[in-house]
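Raw work_34.cif, mmCIF, C-alpha atoms:
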data_work
#
loop_
_atom_site.group_PDB
_atom_site.id
_atom_site.type_symbol
_atom_site.label_atom_id
_atom_site.label_comp_id
_atom_site.auth_asym_id
_atom_site.auth_seq_id
_atom_site.Cartn_x
_atom_site.Cartn_y
_atom_site.Cartn_z
ATOM 1 C CA MET A 18 0.000 0.000 0.000
ATOM 2 C CA GLU A 19 1.367 3.404 -1.005
ATOM 3 C CA GLN A 20 2.227 5.645 1.917
ATOM 4 C CA THR A 21 0.032 8.720 2.250
ATOM 5 C CA SER A 22 1.353 12.251 2.605
ATOM 6 C CA LEU A 23 -0.519 15.060 4.328
ATOM 7 C CA ILE A 24 -0.288 18.604 2.972
ATOM 8 C CA SER A 25 -1.168 21.361 5.444
ATOM 9 C CA VAL A 26 -2.386 24.540 3.758
ATOM 10 C CA ILE A 27 -1.847 27.418 6.221
ATOM 11 C CA VAL A 28 -3.863 30.574 5.588
ATOM 12 C CA PRO A 29 -3.448 33.660 7.848
ATOM 13 C CA CYS A 30 -6.667 35.706 7.784
ATOM 14 C CA TYR A 31 -7.528 39.216 8.890
ATOM 15 C CA ASN A 32 -10.943 40.565 7.863
ATOM 16 C CA GLU A 33 -11.201 38.207 4.882
ATOM 17 C CA GLU A 34 -14.917 37.345 4.947
ATOM 18 C CA GLU A 35 -15.448 38.604 1.382
ATOM 19 C CA VAL A 36 -12.722 36.534 -0.201
ATOM 20 C CA LEU A 37 -12.808 33.326 1.896
ATOM 21 C CA PRO A 38 -15.649 31.670 -0.082
ATOM 22 C CA LEU A 39 -13.698 32.289 -3.302
ATOM 23 C CA PHE A 40 -10.486 30.985 -1.775
ATOM 24 C CA TYR A 41 -12.133 27.852 -0.340
ATOM 25 C CA ALA A 42 -13.740 27.014 -3.691
ATOM 26 C CA GLU A 43 -10.417 27.445 -5.512
ATOM 27 C CA ILE A 44 -8.230 25.557 -3.019
ATOM 28 C CA THR A 45 -10.592 22.567 -2.829
ATOM 29 C CA LYS A 46 -10.737 22.435 -6.638
ATOM 30 C CA ILE A 47 -6.941 22.402 -6.945
ATOM 31 C CA SER A 48 -6.658 19.867 -4.115
ATOM 32 C CA ALA A 49 -9.081 17.525 -5.885
ATOM 33 C CA GLN A 50 -7.074 17.806 -9.105
ATOM 34 C CA MET A 51 -3.865 16.978 -7.252
ATOM 35 C CA GLN A 52 -5.452 13.956 -5.562
ATOM 36 C CA GLU A 53 -6.616 12.615 -8.917
ATOM 37 C CA LYS A 54 -3.009 12.632 -10.129
ATOM 38 C CA HIS A 55 -1.493 11.675 -6.760
ATOM 39 C CA PRO A 56 -3.988 9.480 -4.844
ATOM 40 C CA GLU A 57 -1.564 9.237 -1.905
ATOM 41 C CA LEU A 58 -2.105 12.894 -1.009
ATOM 42 C CA ARG A 59 -4.371 14.133 1.770
ATOM 43 C CA PHE A 60 -5.079 17.752 2.706
ATOM 44 C CA GLU A 61 -5.882 19.844 5.740
ATOM 45 C CA TYR A 62 -6.756 23.532 5.589
ATOM 46 C CA LEU A 63 -5.559 25.448 8.622
ATOM 47 C CA PHE A 64 -6.930 28.991 8.813
ATOM 48 C CA ILE A 65 -5.461 31.464 11.322
ATOM 49 C CA ASP A 66 -7.961 34.151 12.320
ATOM 50 C CA ASP A 67 -5.768 37.050 13.407
ATOM 51 C CA GLY A 68 -8.357 38.840 15.547
ATOM 52 C CA SER A 69 -10.630 39.727 12.612
ATOM 53 C CA LYS A 70 -13.328 42.341 13.237
ATOM 54 C CA ASP A 71 -15.708 41.123 10.526
ATOM 55 C CA HIS A 72 -17.437 37.729 10.156
ATOM 56 C CA THR A 73 -14.292 35.793 9.226
ATOM 57 C CA LEU A 74 -14.446 33.644 12.363
ATOM 58 C CA ARG A 75 -18.134 32.850 11.881
ATOM 59 C CA TYR A 76 -17.436 31.660 8.346
ATOM 60 C CA LEU A 77 -14.509 29.517 9.506
ATOM 61 C CA ARG A 78 -16.702 27.886 12.155
ATOM 62 C CA ALA A 79 -19.262 27.000 9.511
ATOM 63 C CA LEU A 80 -16.556 25.621 7.198
ATOM 64 C CA ALA A 81 -15.107 23.469 9.989
ATOM 65 C CA ARG A 82 -18.536 21.985 10.688
ATOM 66 C CA LYS A 83 -19.083 21.220 7.004
ATOM 67 C CA ASP A 84 -15.603 19.990 6.031
ATOM 68 C CA GLU A 85 -13.563 17.838 8.426
ATOM 69 C CA ARG A 86 -10.379 18.855 6.612
ATOM 70 C CA VAL A 87 -10.843 22.458 7.809
ATOM 71 C CA ARG A 88 -9.177 23.528 11.036
ATOM 72 C CA PHE A 89 -8.833 27.013 12.446
ATOM 73 C CA ILE A 90 -7.105 28.933 15.218
ATOM 74 C CA SER A 91 -8.599 32.230 16.361
ATOM 75 C CA PHE A 92 -6.337 34.629 18.236
ATOM 76 C CA SER A 93 -7.470 36.575 21.293
ATOM 77 C CA ARG A 94 -6.580 39.796 19.408
ATOM 78 C CA ASN A 95 -4.678 40.942 16.348
ATOM 79 C CA PHE A 96 -1.062 39.758 16.681
ATOM 80 C CA GLY A 97 -0.023 40.341 13.051
ATOM 81 C CA LYS A 98 0.643 38.160 10.026
ATOM 82 C CA GLU A 99 4.028 37.000 11.312
ATOM 83 C CA ALA A 100 2.370 35.505 14.397
ATOM 84 C CA GLY A 101 -0.230 33.924 12.125
ATOM 85 C CA ILE A 102 2.413 32.225 9.994
ATOM 86 C CA TYR A 103 4.242 30.968 13.079
ATOM 87 C CA ALA A 104 1.025 29.639 14.665
ATOM 88 C CA GLY A 105 0.113 27.859 11.455
ATOM 89 C CA LEU A 106 3.490 26.174 11.094
ATOM 90 C CA GLN A 107 3.509 25.267 14.784
ATOM 91 C CA ASN A 108 0.083 23.593 14.646
ATOM 92 C CA ALA A 109 0.205 22.040 11.168
ATOM 93 C CA LYS A 110 0.210 18.245 11.082
ATOM 94 C CA GLY A 111 1.354 17.800 7.496
ATOM 95 C CA ASP A 112 4.390 16.143 5.970
ATOM 96 C CA TYR A 113 4.445 19.234 3.766
ATOM 97 C CA CYS A 114 3.307 22.756 4.692
ATOM 98 C CA VAL A 115 2.032 25.501 2.416
ATOM 99 C CA VAL A 116 1.807 29.127 3.554
ATOM 100 C CA MET A 117 -0.447 31.319 1.424
ATOM 101 C CA ASP A 118 -2.759 34.335 1.608
ATOM 102 C CA ALA A 119 -6.535 34.092 1.391
ATOM 103 C CA ASP A 120 -6.910 36.938 -1.128
ATOM 104 C CA LEU A 121 -5.873 34.724 -4.105
ATOM 105 C CA GLN A 122 -2.847 36.908 -4.825
ATOM 106 C CA HIS A 123 -1.026 33.646 -4.154
ATOM 107 C CA PRO A 124 -2.616 31.531 -6.921
ATOM 108 C CA PRO A 125 -3.506 27.983 -5.735
ATOM 109 C CA ALA A 126 -2.897 26.840 -9.327
ATOM 110 C CA PHE A 127 0.850 26.819 -8.506
ATOM 111 C CA LEU A 128 0.440 24.075 -5.888
ATOM 112 C CA PRO A 129 0.788 21.074 -8.265
ATOM 113 C CA THR A 130 4.065 22.444 -9.667
ATOM 114 C CA MET A 131 5.314 23.250 -6.175
ATOM 115 C CA TYR A 132 4.491 19.770 -4.901
ATOM 116 C CA GLU A 133 6.259 18.034 -7.778
ATOM 117 C CA ALA A 134 9.371 20.193 -7.277
ATOM 118 C CA VAL A 135 9.587 19.381 -3.561
ATOM 119 C CA ALA A 136 8.403 15.760 -3.741
ATOM 120 C CA SER A 137 11.126 15.013 -6.312
ATOM 121 C CA GLY A 138 13.710 15.478 -3.546
ATOM 122 C CA GLU A 139 15.607 18.050 -5.583
ATOM 123 C CA TYR A 140 14.233 20.960 -3.530
ATOM 124 C CA ASP A 141 13.180 21.503 0.083
ATOM 125 C CA CYS A 142 11.003 24.494 -0.720
ATOM 126 C CA ALA A 143 9.159 25.937 -3.692
ATOM 127 C CA THR A 144 8.100 29.561 -3.670
ATOM 128 C CA THR A 145 6.856 32.231 -6.025
ATOM 129 C CA ARG A 146 8.610 35.398 -7.114
ATOM 130 C CA ARG A 147 6.805 38.365 -8.627
ATOM 131 C CA VAL A 148 8.504 39.623 -11.780
ATOM 132 C CA SER A 149 6.237 42.656 -12.002
ATOM 133 C CA ARG A 150 4.332 44.890 -9.587
ATOM 134 C CA LYS A 151 1.419 45.608 -11.882
ATOM 135 C CA GLY A 152 -1.442 47.145 -9.935
ATOM 136 C CA GLU A 153 0.789 48.775 -7.307
ATOM 137 C CA SER A 154 1.509 52.499 -7.188
ATOM 138 C CA LYS A 155 4.872 53.572 -8.600
ATOM 139 C CA ILE A 156 5.938 55.043 -5.254
ATOM 140 C CA ARG A 157 5.146 51.820 -3.388
ATOM 141 C CA SER A 158 6.974 49.727 -6.001
ATOM 142 C CA TRP A 159 10.010 52.026 -5.864
ATOM 143 C CA PHE A 160 10.232 51.784 -2.075
ATOM 144 C CA ALA A 161 9.835 47.992 -2.229
ATOM 145 C CA ARG A 162 12.732 47.617 -4.668
ATOM 146 C CA LEU A 163 14.796 50.062 -2.620
ATOM 147 C CA PHE A 164 14.206 47.933 0.484
ATOM 148 C CA TYR A 165 15.482 44.781 -1.230
ATOM 149 C CA ARG A 166 18.572 46.603 -2.534
ATOM 150 C CA ILE A 167 19.400 48.012 0.899
ATOM 151 C CA MET A 168 18.673 44.727 2.652
ATOM 152 C CA ASN A 169 20.936 42.701 0.387
ATOM 153 C CA LYS A 170 23.779 45.204 0.747
ATOM 154 C CA ILE A 171 23.790 45.428 4.554
ATOM 155 C CA SER A 172 22.718 41.879 5.482
ATOM 156 C CA GLN A 173 24.483 38.554 5.074
ATOM 157 C CA THR A 174 21.076 36.958 4.493
ATOM 158 C CA GLU A 175 20.102 37.316 0.833
ATOM 159 C CA ILE A 176 16.416 38.093 0.241
ATOM 160 C CA VAL A 177 15.317 37.673 -3.365
ATOM 161 C CA ASP A 178 13.509 40.701 -4.781
ATOM 162 C CA GLY A 179 9.842 39.855 -5.285
ATOM 163 C CA ALA A 180 9.960 36.616 -3.272
ATOM 164 C CA GLN A 181 6.648 35.848 -1.568
ATOM 165 C CA ASP A 182 5.535 34.224 1.679
ATOM 166 C CA PHE A 183 3.702 31.731 -0.575
ATOM 167 C CA ARG A 184 5.846 28.669 0.125
ATOM 168 C CA PHE A 185 5.580 24.904 -0.159
ATOM 169 C CA MET A 186 7.994 23.376 2.379
ATOM 170 C CA THR A 187 9.121 20.003 3.644
ATOM 171 C CA ARG A 188 8.646 19.122 7.299
ATOM 172 C CA GLN A 189 12.413 19.407 7.802
ATOM 173 C CA MET A 190 12.439 23.032 6.652
ATOM 174 C CA VAL A 191 9.322 23.819 8.713
ATOM 175 C CA ASP A 192 11.009 22.458 11.833
ATOM 176 C CA ALA A 193 14.055 24.609 11.090
ATOM 177 C CA VAL A 194 11.864 27.725 10.821
ATOM 178 C CA LEU A 195 10.085 26.834 14.079
ATOM 179 C CA SER A 196 13.425 26.483 15.851
ATOM 180 C CA MET A 197 13.779 30.260 15.404
ATOM 181 C CA SER A 198 11.230 31.209 18.043
ATOM 182 C CA GLU A 199 12.136 34.883 18.265
ATOM 183 C CA TYR A 200 9.384 37.357 19.196
ATOM 184 C CA ASN A 201 10.280 39.975 16.555
ATOM 185 C CA ARG A 202 9.711 37.943 13.411
ATOM 186 C CA PHE A 203 10.442 38.710 9.773
ATOM 187 C CA SER A 204 9.504 35.596 7.821
ATOM 188 C CA LYS A 205 11.131 36.581 4.522
ATOM 189 C CA GLY A 206 14.464 36.837 6.344
ATOM 190 C CA ILE A 207 13.877 33.670 8.382
ATOM 191 C CA PHE A 208 13.013 31.615 5.292
ATOM 192 C CA SER A 209 16.240 32.793 3.660
ATOM 193 C CA TRP A 210 18.379 32.418 6.791
ATOM 194 C CA VAL A 211 17.549 28.733 7.349
ATOM 195 C CA GLY A 212 18.794 27.979 3.848
ATOM 196 C CA PHE A 213 17.775 24.703 2.178
ATOM 197 C CA ARG A 214 17.270 24.240 -1.549
ATOM 198 C CA VAL A 215 14.642 26.619 -2.926
ATOM 199 C CA LYS A 216 12.962 26.660 -6.335
ATOM 200 C CA TYR A 217 11.593 30.027 -7.461
ATOM 201 C CA LEU A 218 8.550 30.142 -9.739
ATOM 202 C CA GLU A 219 8.119 33.470 -11.513
ATOM 203 C CA TYR A 220 4.712 35.014 -12.118
ATOM 204 C CA GLU A 221 2.988 38.307 -12.862
ATOM 205 C CA ASN A 222 1.429 40.194 -9.972
ATOM 206 C CA VAL A 223 -2.187 39.196 -9.248
ATOM 207 C CA GLU A 224 -4.625 41.628 -7.655
ATOM 208 C CA ARG A 225 -6.915 40.730 -4.753
ATOM 209 C CA ALA A 226 -9.992 38.728 -5.675
ATOM 210 C CA ALA A 227 -12.166 40.717 -3.234
ATOM 211 C CA GLY A 228 -11.959 43.019 -0.228
ATOM 212 C CA THR A 229 -9.190 45.483 0.587
ATOM 213 C CA THR A 230 -5.660 44.922 1.799
ATOM 214 C CA ALA A 231 -4.843 45.460 5.479
ATOM 215 C CA TRP A 232 -1.315 46.612 4.568
ATOM 216 C CA SER A 233 -0.960 50.385 4.515
ATOM 217 C CA PHE A 234 2.161 52.172 3.306
ATOM 218 C CA TRP A 235 3.097 52.953 6.905
ATOM 219 C CA GLY A 236 2.549 49.319 7.890
ATOM 220 C CA LEU A 237 4.857 48.134 5.114
ATOM 221 C CA PHE A 238 7.444 50.743 6.126
ATOM 222 C CA ARG A 239 7.440 49.488 9.727
ATOM 223 C CA TYR A 240 7.648 45.911 8.437
ATOM 224 C CA SER A 241 10.720 46.808 6.364
ATOM 225 C CA ILE A 242 12.374 48.400 9.421
ATOM 226 C CA GLU A 243 11.628 45.165 11.291
ATOM 227 C CA GLY A 244 13.471 43.219 8.592
ATOM 228 C CA ILE A 245 16.488 45.532 8.521
ATOM 229 C CA ILE A 246 16.854 45.564 12.314
ATOM 230 C CA GLY A 247 16.234 41.819 12.595
ATOM 231 C CA PHE A 248 18.802 40.711 10.028
ATOM 232 C CA SER A 249 21.504 43.371 10.025
ATOM 233 C CA THR A 250 23.573 45.278 12.549
ATOM 234 C CA ALA A 251 24.788 47.705 9.870
ATOM 235 C CA PRO A 252 22.648 50.613 11.167
ATOM 236 C CA LEU A 253 24.694 50.513 14.366
ATOM 237 C CA SER A 254 27.783 51.266 12.303
ATOM 238 C CA VAL A 255 26.102 54.422 11.019
ATOM 239 C CA SER A 256 26.689 56.013 14.424
ATOM 240 C CA VAL A 257 30.423 55.384 14.158
ATOM 241 C CA VAL A 258 30.633 56.718 10.593
ATOM 242 C CA LEU A 259 28.604 59.825 11.370
ATOM 243 C CA GLY A 260 30.691 60.470 14.479
ATOM 244 C CA LEU A 261 33.921 60.306 12.471
ATOM 245 C CA LEU A 262 32.504 62.563 9.754
ATOM 246 C CA SER A 263 31.429 65.072 12.398
ATOM 247 C CA CYS A 264 34.922 65.122 13.886
ATOM 248 C CA VAL A 265 36.479 65.662 10.450
ATOM 249 C CA ALA A 266 33.984 68.441 9.689
ATOM 250 C CA ALA A 267 34.708 70.089 13.036
ATOM 251 C CA VAL A 268 38.480 70.020 12.423
ATOM 252 C CA ILE A 269 38.003 71.512 8.934
ATOM 253 C CA ILE A 270 35.809 74.297 10.317
ATOM 254 C CA ILE A 271 38.356 75.082 13.074
ATOM 255 C CA ILE A 272 41.239 75.251 10.586
ATOM 256 C CA ALA A 273 39.198 77.421 8.193
ATOM 257 C CA THR A 274 38.238 79.772 11.040
ATOM 258 C CA ILE A 275 41.868 80.152 12.187
ATOM 259 C CA ILE A 276 43.051 80.869 8.649
ATOM 260 C CA LYS A 277 40.296 83.420 8.028
ATOM 261 C CA THR A 278 41.069 85.176 11.309
ATOM 262 C CA LEU A 279 44.893 85.185 11.254
ATOM 263 C CA VAL A 280 45.519 85.501 7.528
ATOM 264 C CA PHE A 281 42.594 87.549 6.259
ATOM 265 C CA GLY A 282 41.725 89.329 9.494
ATOM 266 C CA GLU A 283 38.012 88.441 9.314
ATOM 267 C CA GLU A 284 35.999 88.556 12.512
ATOM 268 C CA VAL A 285 34.518 85.304 13.773
ATOM 269 C CA SER A 286 30.729 85.377 13.762
ATOM 270 C CA GLY A 287 30.097 83.658 17.075
ATOM 271 C CA PHE A 288 26.325 83.353 17.448
ATOM 272 C CA PRO A 289 25.422 81.782 14.054
ATOM 273 C CA THR A 290 28.404 79.424 14.241
ATOM 274 C CA LEU A 291 27.454 78.306 17.729
ATOM 275 C CA LEU A 292 23.802 77.867 16.792
ATOM 276 C CA CYS A 293 24.599 75.757 13.708
ATOM 277 C CA SER A 294 27.022 73.604 15.707
ATOM 278 C CA ILE A 295 24.454 72.961 18.441
ATOM 279 C CA PHE A 296 21.715 71.994 15.989
ATOM 280 C CA PHE A 297 24.057 69.828 13.916
ATOM 281 C CA MET A 298 25.581 67.923 16.822
ATOM 282 C CA GLY A 299 22.256 67.670 18.676
ATOM 283 C CA GLY A 300 20.498 66.215 15.639
ATOM 284 C CA LEU A 301 23.387 63.817 15.033
ATOM 285 C CA GLN A 302 23.304 62.564 18.603
ATOM 286 C CA LEU A 303 19.525 62.109 18.595
ATOM 287 C CA PHE A 304 19.731 60.182 15.309
ATOM 288 C CA CYS A 305 22.386 57.825 16.667
ATOM 289 C CA MET A 306 20.516 57.422 19.949
ATOM 290 C CA GLY A 307 17.400 56.565 17.954
ATOM 291 C CA ILE A 308 19.196 53.740 16.157
ATOM 292 C CA LEU A 309 20.496 52.375 19.451
ATOM 293 C CA GLY A 310 17.021 52.768 20.957
ATOM 294 C CA ILE A 311 15.406 50.634 18.242
ATOM 295 C CA TYR A 312 17.867 47.785 18.824
ATOM 296 C CA LEU A 313 17.442 48.128 22.573
ATOM 297 C CA SER A 314 13.636 47.994 22.280
ATOM 298 C CA LYS A 315 13.847 44.784 20.239
ATOM 299 C CA THR A 316 16.146 43.273 22.858
ATOM 300 C CA TYR A 317 13.712 44.379 25.581
ATOM 301 C CA LEU A 318 10.801 42.609 23.857
ATOM 302 C CA GLU A 319 12.843 39.443 23.367
ATOM 303 C CA VAL A 320 14.017 39.134 26.984
ATOM 304 C CA LYS A 321 10.466 39.578 28.280
ATOM 305 C CA ASN A 322 9.783 36.217 26.602
ATOM 306 C CA ARG A 323 6.111 36.903 25.948
ATOM 307 C CA PRO A 324 4.180 34.393 23.802
ATOM 308 C CA ILE A 325 4.071 35.193 20.090
ATOM 309 C CA TYR A 326 0.289 34.700 20.054
ATOM 310 C CA LEU A 327 -2.616 33.714 22.312
ATOM 311 C CA VAL A 328 -5.419 31.390 21.206
ATOM 312 C CA ARG A 329 -9.039 32.150 22.014
ATOM 313 C CA GLU A 330 -10.773 29.446 20.005
ATOM 314 C CA THR A 331 -10.132 26.490 17.674
ATOM 315 C CA GLU A 332 -12.360 24.060 15.794
ATOM 316 C CA GLU A 333 -12.159 21.755 18.813
ATOM 317 C CA ASN A 334 -13.786 24.162 21.281
ATOM 318 C CA MET A 335 -16.002 26.316 19.057
ATOM 319 C CA PRO A 336 -19.569 27.013 20.264
ATOM 320 C CA PRO A 337 -22.584 25.063 18.944
ATOM 321 C CA ALA A 338 -23.826 26.129 15.537
ATOM 322 C CA PRO A 339 -26.737 28.579 15.426
ATOM 323 C CA ALA A 340 -29.327 27.881 12.767
ATOM 324 C CA GLU A 341 -28.293 30.831 10.588
ATOM 325 C CA ASP A 342 -24.538 30.137 10.789
ATOM 326 C CA GLU A 343 -23.921 28.297 7.531
ATOM 327 C CA ALA A 344 -21.090 28.569 5.051
ATOM 328 C CA LYS A 345 -22.196 30.306 1.915
#
Entire entry expressed as structure tokens:
Amino acid sequence: MEQTSLISVIVPCYNEEEVLPLFYAEITKISAQMQEKHPELRFEYLFIDDGSKDHTLRYLRALARKDERVRFISFSRNFGKEAGIYAGLQNAKGDYCVVMDADLQHPPAFLPTMYEAVASGEYDCATTRRVSRKGESKIRSWFARLFYRIMNKISQTEIVDGAQDFRFMTRQMVDAVLSMSEYNRFSKGIFSWVGFRVKYLEYENVERAAGTTAWSFWGLFRYSIEGIIGFSTAPLSVSVVLGLLSCVAAVIIIIATIIKTLVFGEEVSGFPTLLCSIFFMGGLQLFCMGILGIYLSKTYLEVKNRPIYLVRETEENMPPAPAEDEAK
């Protein structure tokens, strides 16, 4: 008898009630196609409700009652996508794990190709890489590319431009990711840091099937800072460089002032010079202190050793179904 393999599809969700019916229909269709070709495959769908404020949880309850393959974890509040990914990987039972978004920007149609790449033994992970950012604003695309350029210059961990969190991984790679139980998480960096053999599948950007994204420009900016701080200590060196440059500038100004006074007999303008020096040095010190403060705050959060997420409800302890609570 051929040995069965379980694939855990992990789907972090935050206010996804509009798109979940579309996603469920698409993922079950692709799963059925894969099982026709590979009868040894079984599936579980693990949804992580990240403290949604809409009816996402109600829909997941109804799905779990209807389909025994559906599992869900509902957080006590919004902990963020990184916590959702970690919770999914930690609770998945599969021999293989897939991480993907519910908005269908990660096309389920890639799953058969991903499975064949990983199941062949040639790769430990298959992931997608966007070759275009069609549908995004030019400013947002420019900042995204700038982030990848900066990250790859200052960090020893290479992060491929356009690489997605949409990943099909072996259990060995999943266990390696879970061994990095840090509180301040940046999954793109973690996936790259653990290594393993990765196959990249290129595709054009796909827009959301329904609903609106929860990622604002400011949210993405903070997320990029999280990645830079988490996988590079280069910003700490900025303080040293700026300090040296300030010293050189100060020496040049002193020499220029002496020459102007002794050689050309010009009077030294004290007040403006003093004011500029105070503002320059004060701003420089605050900037350097800010960099140190960010690293210190991350260290503070790590040593507190708080849990990455808290669970309020799962499919095992969900309340009885009301008559109107049916999956649509």
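The residues returned by the PyMOL selection byres ((chain A and resi 327) around 9) on the shown structure are A:Ser91, A:Phe92, A:Ser93, A:Arg94, A:Phe96, A:Pro324, A:Ile325, A:Tyr326, A:Val328, A:Arg329.
Across the model, the gap from CA of Ala100 (chain A) to CA of Phe213 (chain A) is 22.4 Å.
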One number please: CA of Cys142 (chain A) to CA of Arg214 (chain A), in Å, one decimal. 6.3 Å
Closest of A:Gly97, A:Pro129, A:Gly307, A:Gly300 to Phe203 (chain A), counting only C-alpha atoms, is A:Gly97
When the PyMOL selection byres ((chain A and resi 64) around 6) is applied to the file above, which residues end up in the set, as a VMD selection string? chain A and resid 27 to 29 63 65 89
Could you tell me which residues the PyMOL selection byres ((chain A and resi 75) around 10) grabs in this file, written as a PyMOL selection string? chain A and resi 34+71-74+76-80+335+338+342-344
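Relative to CA of Arg184 (chain A), CA of Ala143 (chain A) is found at 5.7 Å.
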For Ala104 (chain A), which of A:Ile90, A:Met190, A:Leu303, A:Ala49 is the closest residue, counting all atoms listed in the file? A:Ile90
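Near Glu319 (chain A), within a cut-off of 8 Å and counting only C-alpha atoms, sit the residues Glu199, Tyr200 and Asn201 of chain A, with same-chain residues fewer than 5 positions away left out.
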Which residues are close to Ala42 (chain A), i.e. within 12 Å by all atoms listed in the file, leaving aside same-chain residues fewer than 2 positions away? Reply as a PyMOL selection string. chain A and resi 36-40+44-49+80+119+121+125+344-345
